[in-house]
Amino acid sequence: MKYAGEAPQDPAAEAAAGAEAPAHTPARDDQRAHDDQRGTRNRVARSILDHGPSTAAELAVRLELTQAAVRRHLDTLLAEGVVEPREKRVYGARTRGRPAKMFALTDCGRDAFDQAYDKLAGDALRWIAQAAGGGEMGEAAVAAFARARMAAQAEGYRAALEAVAPEERTEALARALTADGYAATARSAPVGEQLCQHHCPVAHVAEQFPQLCEAETEVFSRLLGTHVQRLATIAHGDGVCTTFIPKTTTASTSTAGRNPA
């Protein structure tokens with residue numbers, strides 16, 4: 001309905017004006033909302049990848065979301081098989097009440113990130129083993145390859161460790177590993193420290209060839225100048241690769257950083 005005295009509008013101009021206006025249809029709005037939800041779920045999964053198994057409360061703080069919103073996304077990720085619930089480990093005396101539920105990435109969830117070359121790497125290691133004659137000789141050949149690979153990788157790590165004080169070397173190693181895609185953290189533990197790798201780019205290959213994990217553990221020991229102990233690995237189905245580094249007094253100062261592999 002036009003007001004009195006308003007000039008009549010040309011029908012063609014009205015059609016053109018309508019075409020220029022942004023189209024806000026219910027279907028498009030629903031798609032935009034769906035994309036936003038998917039993007040937030042990806043952030044939740046990525047946060048678990050980077051920081052390891054997490055509670056809904058930890059994710060809410062990290063991502064600046066409400067716990068209710070995080071739980072809705074976790075429910076979807078659970079239904080999709082991207083995450084799985086786990087009981088939170090309690091160090092020391094257990095307090096009253098049920099422990100908070102942790103959420104960890106499944107193998108399917110990890111696959112969605114950056115494990116596209118697993119088959120190629122596995123085929124290459126199998127070829128090395130067969131070319132060496134198979135059996136024990138083949139296993140030894142794969143181990144030699146794993147040590148050589150880690151030796152080259154450790155050169156950059158050694159420089160990072162030598163640049164800090166002995167008591168800061170585990171943290172420096174965690175930062176170097178993170179730069180290589182391992183999402184590593186260091187934390188205090190009874191009578192030592194724990195180096196945690198929340199992601200492993202070669203997890204599926206290491207499941208078939210444990211020599212990769214063994215070579216990595218040997219390099220950690222040499223870099224830190226002390227015996228270390230592997231407590232868990234993603235390749236064996238654990239949520240995080242965990243390495244225990246005992247407290248030392250003189251070993252770290254005198255030997256860390258030498259002969260990295």
# chains A, B, ... in the order shown; residues from 1 in each chain; ligands from 1

$ select_by_dssp --residues "region 83-235 of chain A" --states "helix (DSSP H, G or I)" --output "number ranges by chain"
A: 107-114, 118-131, 135-162, 166-179, 203-208, 211-224, 234-235

$ residues_around --residues "region 73-76 of chain A" --least-positions-apart "6" --cutoff "8 Å" --atoms "only C-alpha atoms" --output "list of chain:residue names"
A:Thr40, A:Arg41, A:Val44, A:Val83

$ write_last_selection --atoms "N, CA, C and O atoms" --output "CSV table (one decimal), in the first residue's frame"
chain,number,residue,atom,x,y,z
A,40,THR,N,32.5,-25.5,15.1
A,40,THR,CA,32.8,-25.6,16.6
A,40,THR,C,33.1,-27.0,17.0
A,40,THR,O,34.0,-27.2,17.8
A,41,ARG,N,32.4,-28.0,16.4
A,41,ARG,CA,32.8,-29.4,16.8
A,41,ARG,C,34.2,-29.7,16.3
A,41,ARG,O,34.9,-30.4,17.0
A,44,VAL,N,36.5,-28.4,19.0
A,44,VAL,CA,36.5,-29.3,20.1
A,44,VAL,C,37.4,-30.5,19.9
A,44,VAL,O,38.2,-30.8,20.7
A,83,VAL,N,35.1,-39.3,19.2
A,83,VAL,CA,35.7,-39.3,20.5
A,83,VAL,C,35.1,-40.4,21.3
A,83,VAL,O,34.0,-41.0,20.9

$ closest_residue --among "A:Gln153, A:Ser47, A:Thr248, A:Thr226" --to "Phe103 (chain A)" --atoms "only C-alpha atoms"
A:Ser47

$ select_by_dssp --residues "region 195-259 of chain A" --states "strand (DSSP E)" --output "PyMOL selection string"
chain A and resi 195-197+229-232+241-246

$ residues_around --residues "Gly192 (chain A)" --least-positions-apart "5" --cutoff "12 Å" --atoms "only C-alpha atoms" --output "NGL selection string"
:A and (167 or 170 or 186-187 or 226-229 or 243-249)

$ write_last_selection --atoms "N, CA, C and O atoms" --output "CSV table (one decimal), in the first residue's frame"
chain,number,residue,atom,x,y,z
A,167,GLU,N,67.1,-28.1,33.9
A,167,GLU,CA,65.7,-28.3,34.4
A,167,GLU,C,64.6,-27.9,33.5
A,167,GLU,O,63.5,-28.2,33.7
A,170,THR,N,63.1,-30.8,29.4
A,170,THR,CA,61.9,-31.6,29.0
A,170,THR,C,60.8,-30.7,28.4
A,170,THR,O,60.2,-31.0,27.4
A,186,ALA,N,54.8,-31.1,28.8
A,186,ALA,CA,55.6,-31.6,29.9
A,186,ALA,C,54.9,-31.2,31.2
A,186,ALA,O,54.4,-30.1,31.3
A,187,ARG,N,54.9,-32.1,32.1
A,187,ARG,CA,54.3,-31.8,33.4
A,187,ARG,C,55.0,-32.6,34.5
A,187,ARG,O,55.7,-33.6,34.3
A,226,THR,N,69.5,-39.1,30.4
A,226,THR,CA,69.1,-40.0,31.5
A,226,THR,C,68.2,-41.1,31.0
A,226,THR,O,67.7,-41.0,29.9
A,227,HIS,N,68.1,-42.2,31.7
A,227,HIS,CA,67.2,-43.3,31.3
A,227,HIS,C,65.8,-42.8,31.4
A,227,HIS,O,65.4,-42.1,32.4
A,228,VAL,N,65.0,-43.1,30.4
A,228,VAL,CA,63.6,-42.7,30.4
A,228,VAL,C,62.7,-44.0,30.2
A,228,VAL,O,63.2,-45.0,29.7
A,229,GLN,N,61.5,-43.9,30.6
A,229,GLN,CA,60.6,-45.1,30.6
A,229,GLN,C,59.3,-44.7,29.8
A,229,GLN,O,58.6,-43.8,30.2
A,243,THR,N,56.0,-40.6,28.4
A,243,THR,CA,57.3,-41.0,28.7
A,243,THR,C,57.7,-40.4,30.1
A,243,THR,O,57.5,-39.2,30.3
A,244,PHE,N,58.1,-41.2,31.0
A,244,PHE,CA,58.5,-40.8,32.3
A,244,PHE,C,60.0,-40.5,32.3
A,244,PHE,O,60.9,-41.2,31.9
A,245,ILE,N,60.4,-39.3,32.8
A,245,ILE,CA,61.8,-38.8,32.9
A,245,ILE,C,62.1,-38.6,34.4
A,245,ILE,O,61.5,-37.7,35.1
A,246,PRO,N,62.9,-39.5,35.0
A,246,PRO,CA,63.2,-39.4,36.4
A,246,PRO,C,64.0,-38.1,36.7
A,246,PRO,O,64.7,-37.6,35.9
A,247,LYS,N,63.9,-37.7,38.0
A,247,LYS,CA,64.7,-36.5,38.4
A,247,LYS,C,66.2,-37.0,38.5
A,247,LYS,O,66.5,-38.1,38.9
A,248,THR,N,67.1,-36.1,38.0
A,248,THR,CA,68.5,-36.4,38.1
A,248,THR,C,69.2,-35.3,38.7
A,248,THR,O,68.7,-34.1,38.7
A,249,THR,N,70.4,-35.5,39.2
A,249,THR,CA,71.2,-34.4,39.8
A,249,THR,C,72.3,-34.0,38.9
A,249,THR,O,72.4,-32.8,38.6

$ residues_around --residues "Ala60 (chain A)" --least-positions-apart "4" --cutoff "12 Å" --atoms "only C-alpha atoms" --output "ChimeraX atom specification"
/A:40,43-44,47-48,54-56,64-74

$ closest_residue --among "A:Phe209, A:Ala176, A:Leu161, A:Ala144" --to "Arg126 (chain A)" --atoms "only C-alpha atoms"
A:Phe209

$ atom_distance --atom1 "CA of Arg222 (chain A)" --atom2 "CA of Cys196 (chain A)"
17.4 Å

$ residues_around --residues "region 212-214 of chain A" --least-positions-apart "5" --cutoff "12 Å" --atoms "only C-alpha atoms" --output "ChimeraX atom specification"
/A:121-122,125,139-151,197,200-207,219-221,228-236,241-243

$ atom_distance --atom1 "CA of Asp111 (chain A)" --atom2 "CA of Arg46 (chain A)"
12.1 Å

$ atom_distance --atom1 "CA of Arg169 (chain A)" --atom2 "CA of Pro190 (chain A)"
17.5 Å

$ closest_residue --among "A:Ile128, A:Val240, A:Met102, A:Ala45" --to "Tyr182 (chain A)" --atoms "only C-alpha atoms"
A:Val240

$ closest_residue --among "A:Ala152, A:Ala172, A:Ala100, A:His198" --to "Ala184 (chain A)" --atoms "only C-alpha atoms"
A:His198
